[in-house]
Amino acid sequence: MKILLIICDGMGDRLIDGKTPLEAARKPNMDFIAKNGITGIMDSVGPGVRPGSDTAHLSLFGYNPFDFYTGRGPFEALGAGLSLRKGDVALRCNFATLQNGKVIDRRAGRDEFGLEELANELDGMEISGTEIIFKKCSGHRAVLILRGENLSANVSDTDPEIKNAKPLISKPLDRNPDSTKTAEIINKFTQKSIEILGDHPINKERTKMGKLPANIILVRGAGIQTHLPPFNHRYKIKGACISATTLIRGVCRAIGMDIIGVEGATGHVDSNIGGKANAAINALKSYDFVFLHIKGTDEASHDGNFDLKKAMIERIDGEVIKPILENRKDVTIVLTSDHSTPISIRQHSADPVPIAILGDVRTDSVERFTERECAMGGLNRICGIHLMGILLDLTNRAELFGA
Ligand code: ZN
Ligand code: ZN
């Protein structure tokens, strides 16, 4: 019995006009899993903990993020295909738009035009004897690696996280001189990004085309890579990841899963999710555990677009869940989300997510895959850190505890 874990990012929600997007959507295939499987709700990290996508996924794979998480940067770097050396500090970056000293768009209009070329301008610099490695990732995102002596990840972000605010000054978060030095390097890097990108021909072209210039780099989530025990040793199963999101690929790479690429998979609402479903069906022939991640639901949520989220759920139902059910053979299918991203607040919340498992399970009376119906299911309310144990048991892989 193989395991297919399908995570629709940020799919859980709260009510808008009496309904969540999952309740408003027409999704017969997701409902089939709920009706014929066992359902419940899940706190991916813990009750009341608002998870990031990285900490949520670590927890769902059975790695307690309170033990293993040191910041988002290293996962972004790994997901972008970079290798980290001991002592490297990795940070997650956004190309953003600065106007009159304020950040008017944290994502430079989510427009990728010319960003690769701009990234090359910043890559390979040296600041105070520290090597700067800078690489563009998916969309408006990028990763910054500081490589040198005596660096620290205990520094604050420059990303103000809100619109129309000044970029922040990075500060040391402890009294260690390495943290002071690292914060200074980050601030110099920010200044360099403004100088180099501001006058760059790419940005003149972007402006001419009516696009926002990408004229500052904002950083956050500094971290140093830690060792994570490999997934296949831990569970004695071979795992593969299908995700277009750099951060999630990075989490999977950090635990030693194989990464399967899919053409046209973008991590946006227009992604080739049908291609990803096919890749998952194929991967199940050679892997015991396949993890399929779909990001569009979270993107629509951050944009506060109820109709887009509902439409994305319906697309997933028809283009992903349907073919997977049609090709189902000796596989336990898990459908869930990594956290809720309510349309009303446009950010992650701690509201538990619905979960449904189709396989050799004790079915319950729940008939639809929604937050409120699954709350009445046979799994009750579980914690994400226990999910792998439950799946190993349902596929008869769990070791006996005791005699
Ligand atoms: Zn997420
Ligand atoms: Zn999100």
# chains A, B, ... in the order shown; residues from 1 in each chain; ligands from 1
>>> residues_near_ligand(ligand="ligand 1", cutoff="7 Å", atoms="only C-alpha atoms and all ligand atoms", output="VMD selection string")
chain A and resid 9 to 10 52 to 53 298 338 to 339
>>> select_by_dssp(residues="segment 141-315 of chain A", states="helix (DSSP H, G or I)", output="ChimeraX atom specification")
/A:177-198,201-208,231-235,246-254,273-283,296-302,306-315
>>> atom_distance(atom1="atom CA of Arg107 of chain A", atom2="atom CA of Ala300 of chain A")
15.0 Å
>>> residues_around(residues="segment 171-184 of chain A", least_positions_apart="5", cutoff="6 Å", atoms="only C-alpha atoms", output="list in words")
Asn150, Leu151, Ser152, Asn154, Val155 and Ser156 of chain A
>>> select_by_dssp(residues="segment 227-302 of chain A", states="strand (DSSP E or B)", output="list of chain:residue names")
A:Gly239, A:Ala240, A:Cys241, A:Ile242, A:Asp258, A:Ile259, A:Phe289, A:Val290, A:Phe291, A:Leu292, A:His293, A:Ile294
>>> residues_around(residues="Asp199 of chain A", least_positions_apart="4", cutoff="12 Å", atoms="only C-alpha atoms", output="MDAnalysis selection string")
chainID A and resid 118 121 192:195 203:207 213:216
>>> write_last_selection(atoms="N, CA and C atoms", output="PDB file, in the first residue's frame")
ATOM      1  N   LEU A 118      18.567  41.137 -13.376  1.00  0.00           N
ATOM      2  CA  LEU A 118      18.840  41.969 -12.199  1.00  0.00           C
ATOM      3  C   LEU A 118      19.543  41.143 -11.117  1.00  0.00           C
ATOM      4  N   GLU A 121      23.223  40.835 -11.574  1.00  0.00           N
ATOM      5  CA  GLU A 121      23.985  42.045 -11.228  1.00  0.00           C
ATOM      6  C   GLU A 121      24.432  42.022  -9.757  1.00  0.00           C
ATOM      7  N   LYS A 192      23.261  48.736  -1.701  1.00  0.00           N
ATOM      8  CA  LYS A 192      23.799  48.344  -3.017  1.00  0.00           C
ATOM      9  C   LYS A 192      22.652  47.991  -3.963  1.00  0.00           C
ATOM     10  N   SER A 193      21.647  47.279  -3.461  1.00  0.00           N
ATOM     11  CA  SER A 193      20.543  46.863  -4.338  1.00  0.00           C
ATOM     12  C   SER A 193      19.804  48.090  -4.858  1.00  0.00           C
ATOM     13  N   ILE A 194      19.631  49.089  -4.006  1.00  0.00           N
ATOM     14  CA  ILE A 194      18.954  50.319  -4.444  1.00  0.00           C
ATOM     15  C   ILE A 194      19.791  51.032  -5.511  1.00  0.00           C
ATOM     16  N   GLU A 195      21.110  51.124  -5.261  1.00  0.00           N
ATOM     17  CA  GLU A 195      21.997  51.818  -6.222  1.00  0.00           C
ATOM     18  C   GLU A 195      22.048  51.093  -7.566  1.00  0.00           C
ATOM     19  N   ASN A 203      14.980  48.167 -15.447  1.00  0.00           N
ATOM     20  CA  ASN A 203      13.929  48.888 -14.731  1.00  0.00           C
ATOM     21  C   ASN A 203      13.371  50.043 -15.551  1.00  0.00           C
ATOM     22  N   LYS A 204      14.234  50.653 -16.387  1.00  0.00           N
ATOM     23  CA  LYS A 204      13.733  51.700 -17.282  1.00  0.00           C
ATOM     24  C   LYS A 204      12.737  51.080 -18.258  1.00  0.00           C
ATOM     25  N   GLU A 205      13.094  49.873 -18.713  1.00  0.00           N
ATOM     26  CA  GLU A 205      12.218  49.167 -19.649  1.00  0.00           C
ATOM     27  C   GLU A 205      10.902  48.770 -18.972  1.00  0.00           C
ATOM     28  N   ARG A 206      11.013  48.278 -17.736  1.00  0.00           N
ATOM     29  CA  ARG A 206       9.802  47.892 -16.988  1.00  0.00           C
ATOM     30  C   ARG A 206       8.864  49.086 -16.855  1.00  0.00           C
ATOM     31  N   THR A 207       9.443  50.246 -16.505  1.00  0.00           N
ATOM     32  CA  THR A 207       8.622  51.443 -16.321  1.00  0.00           C
ATOM     33  C   THR A 207       7.937  51.827 -17.636  1.00  0.00           C
ATOM     34  N   PRO A 213       8.915  49.124 -11.254  1.00  0.00           N
ATOM     35  CA  PRO A 213      10.333  48.763 -11.233  1.00  0.00           C
ATOM     36  C   PRO A 213      10.648  47.843 -10.050  1.00  0.00           C
ATOM     37  N   ALA A 214      11.604  46.927 -10.235  1.00  0.00           N
ATOM     38  CA  ALA A 214      12.072  46.072  -9.143  1.00  0.00           C
ATOM     39  C   ALA A 214      13.375  46.699  -8.663  1.00  0.00           C
ATOM     40  N   ASN A 215      13.270  47.681  -7.738  1.00  0.00           N
ATOM     41  CA  ASN A 215      14.431  48.519  -7.451  1.00  0.00           C
ATOM     42  C   ASN A 215      14.946  48.449  -6.019  1.00  0.00           C
ATOM     43  N   ILE A 216      14.508  47.417  -5.298  1.00  0.00           N
ATOM     44  CA  ILE A 216      15.109  47.158  -3.976  1.00  0.00           C
ATOM     45  C   ILE A 216      14.936  45.674  -3.656  1.00  0.00           C
TER      46      ILE A 216
END
>>> residues_around(residues="segment 231-242 of chain A", least_positions_apart="2", cutoff="8 Å", atoms="only C-alpha atoms", output="PyMOL selection string")
chain A and resi 229+244+249+252+255-262+276+279-280+283+287-293
>>> closest_residue(among="A:Leu400, A:Ile281, A:Ile145, A:Ile248", to="ligand 2", atoms="only C-alpha atoms and all ligand atoms")
A:Ile248
>>> atom_distance(atom1="atom CA of Pro201 of chain A", atom2="atom CA of Ile132 of chain A")
22.2 Å
>>> residues_near_ligand(ligand="ligand 2", cutoff="12 Å", atoms="only C-alpha atoms and all ligand atoms", output="PyMOL selection string")
chain A and resi 8-12+50-56+245+247-248+267-268+294-304+337-343+345-349
>>> residues_around(residues="Gln225 of chain A", least_positions_apart="4", cutoff="9 Å", atoms="only C-alpha atoms", output="PyMOL selection string")
chain A and resi 70-71+73-75+84-90+254
>>> residues_around(residues="Ser138 of chain A", least_positions_apart="3", cutoff="12 Å", atoms="only C-alpha atoms", output="MDAnalysis selection string")
chainID A and resid 76:77 79:81 92:95 107 110:112 115:116 135 141:143 243:249 265:268
>>> closest_residue(among="A:Ala375, A:Cys137, A:Ile385, A:Leu325", to="Pro354 of chain A", atoms="only C-alpha atoms")
A:Ala375
>>> atom_distance(atom1="atom CA of Gly402 of chain A", atom2="atom CA of Thr363 of chain A")
27.8 Å
